Amino acid sequence: MSGKVLSIHYNRLRGDHDGWTLWVWNAVPGAEGFALEPSGSDAFGPVFLLDLEAAGLEGAAVGFLPRFKNWENKDAPDRILERALPGELWLVEGDPRLHAAPPPVSPELASALLD
């Protein structure tokens, strides 16, 4: 792995991380995507290491979509990073934002219903 790595941390609010991968693609029309397996985990959840240089994505707009197994489920919406550079990102289940620092997470705020 080169020194140009983007670490992506992913949190599922209920802690059900098993079987989830990260679908990654160059966010240009017609680009192929690929699945990225977790490289490990931390207190936030699984950590995915994306070698930007090897993937040809350094400086590119890159899309991320957590998916369960072989598309049995997905955590939409797509998240797009406008310019991929080495560093760290944090994704939270159901949150369309890409966080530059670990956001607070709470399963009590996972959903609400007003009838």
# chains A, B, ... in the order shown; residues from 1 in each chain; ligands from 1
>>> select_by_dssp(residues="chain A", states="strand (DSSP E or B)", output="NGL selection string")
:A and (5-11 or 20-26 or 33-36 or 40-42 or 45-51 or 62-68 or 73-74 or 79-81 or 87-92 or 99)
>>> write_last_selection(atoms="C-alpha atoms", output="PDB file, in the first residue's frame")
ATOM      1  CA  VAL A   5      -4.322   6.143   1.939  1.00  0.00           C
ATOM      2  CA  LEU A   6      -7.786   7.372   2.800  1.00  0.00           C
ATOM      3  CA  SER A   7      -9.159   5.686   5.936  1.00  0.00           C
ATOM      4  CA  ILE A   8     -12.944   5.470   5.955  1.00  0.00           C
ATOM      5  CA  HIS A   9     -14.624   4.700   9.297  1.00  0.00           C
ATOM      6  CA  TYR A  10     -18.217   3.421   9.213  1.00  0.00           C
ATOM      7  CA  ASN A  11     -20.763   3.259  12.015  1.00  0.00           C
ATOM      8  CA  TRP A  20     -20.926  -4.829   5.298  1.00  0.00           C
ATOM      9  CA  THR A  21     -18.425  -3.669   2.670  1.00  0.00           C
ATOM     10  CA  LEU A  22     -17.882  -0.312   1.030  1.00  0.00           C
ATOM     11  CA  TRP A  23     -18.672   0.139  -2.674  1.00  0.00           C
ATOM     12  CA  VAL A  24     -16.251   2.709  -4.126  1.00  0.00           C
ATOM     13  CA  TRP A  25     -16.193   4.346  -7.551  1.00  0.00           C
ATOM     14  CA  ASN A  26     -14.738   7.246  -9.489  1.00  0.00           C
ATOM     15  CA  GLY A  33     -16.866   0.471  -9.009  1.00  0.00           C
ATOM     16  CA  PHE A  34     -15.329  -2.052  -6.655  1.00  0.00           C
ATOM     17  CA  ALA A  35     -15.971  -3.482  -3.194  1.00  0.00           C
ATOM     18  CA  LEU A  36     -13.613  -2.585  -0.381  1.00  0.00           C
ATOM     19  CA  GLY A  40      -9.951  -3.740  10.755  1.00  0.00           C
ATOM     20  CA  SER A  41     -12.127  -1.894  13.210  1.00  0.00           C
ATOM     21  CA  ASP A  42     -12.014   0.672  15.984  1.00  0.00           C
ATOM     22  CA  GLY A  45     -16.880   0.502  13.664  1.00  0.00           C
ATOM     23  CA  PRO A  46     -15.148  -1.064  10.652  1.00  0.00           C
ATOM     24  CA  VAL A  47     -12.288   0.806   8.991  1.00  0.00           C
ATOM     25  CA  PHE A  48     -11.752   0.638   5.224  1.00  0.00           C
ATOM     26  CA  LEU A  49      -8.332   1.567   3.827  1.00  0.00           C
ATOM     27  CA  LEU A  50      -8.455   2.958   0.292  1.00  0.00           C
ATOM     28  CA  ASP A  51      -5.082   3.203  -1.439  1.00  0.00           C
ATOM     29  CA  VAL A  62     -15.063   9.469  -5.375  1.00  0.00           C
ATOM     30  CA  GLY A  63     -18.361   7.850  -4.454  1.00  0.00           C
ATOM     31  CA  PHE A  64     -18.977   5.655  -1.404  1.00  0.00           C
ATOM     32  CA  LEU A  65     -21.945   3.409  -0.651  1.00  0.00           C
ATOM     33  CA  PRO A  66     -21.961   0.903   2.218  1.00  0.00           C
ATOM     34  CA  ARG A  67     -23.522  -2.358   1.049  1.00  0.00           C
ATOM     35  CA  PHE A  68     -24.496  -5.600   2.754  1.00  0.00           C
ATOM     36  CA  ASN A  73     -29.062  -4.210   1.329  1.00  0.00           C
ATOM     37  CA  LYS A  74     -27.392  -0.817   1.045  1.00  0.00           C
ATOM     38  CA  ARG A  79     -21.833   9.813  -0.530  1.00  0.00           C
ATOM     39  CA  ILE A  80     -19.577  11.773  -2.886  1.00  0.00           C
ATOM     40  CA  LEU A  81     -16.185  13.154  -1.886  1.00  0.00           C
ATOM     41  CA  GLY A  87      -6.620  11.344   5.431  1.00  0.00           C
ATOM     42  CA  GLU A  88      -9.678  10.088   7.297  1.00  0.00           C
ATOM     43  CA  LEU A  89     -13.451  10.182   6.814  1.00  0.00           C
ATOM     44  CA  TRP A  90     -16.320   9.023   9.018  1.00  0.00           C
ATOM     45  CA  LEU A  91     -19.632   7.699   7.668  1.00  0.00           C
ATOM     46  CA  VAL A  92     -22.730   7.083   9.777  1.00  0.00           C
ATOM     47  CA  HIS A  99     -17.516  13.783   8.329  1.00  0.00           C
TER      48      HIS A  99
END
>>> select_by_dssp(residues="chain A", states="helix (DSSP H, G or I)", output="MDAnalysis selection string")
chainID A and resid 52:55 107:109
>>> closest_residue(among="A:Ala76, A:Glu93, A:Ala31, A:Pro103", to="Gly56 of chain A", atoms="only C-alpha atoms")
A:Ala31
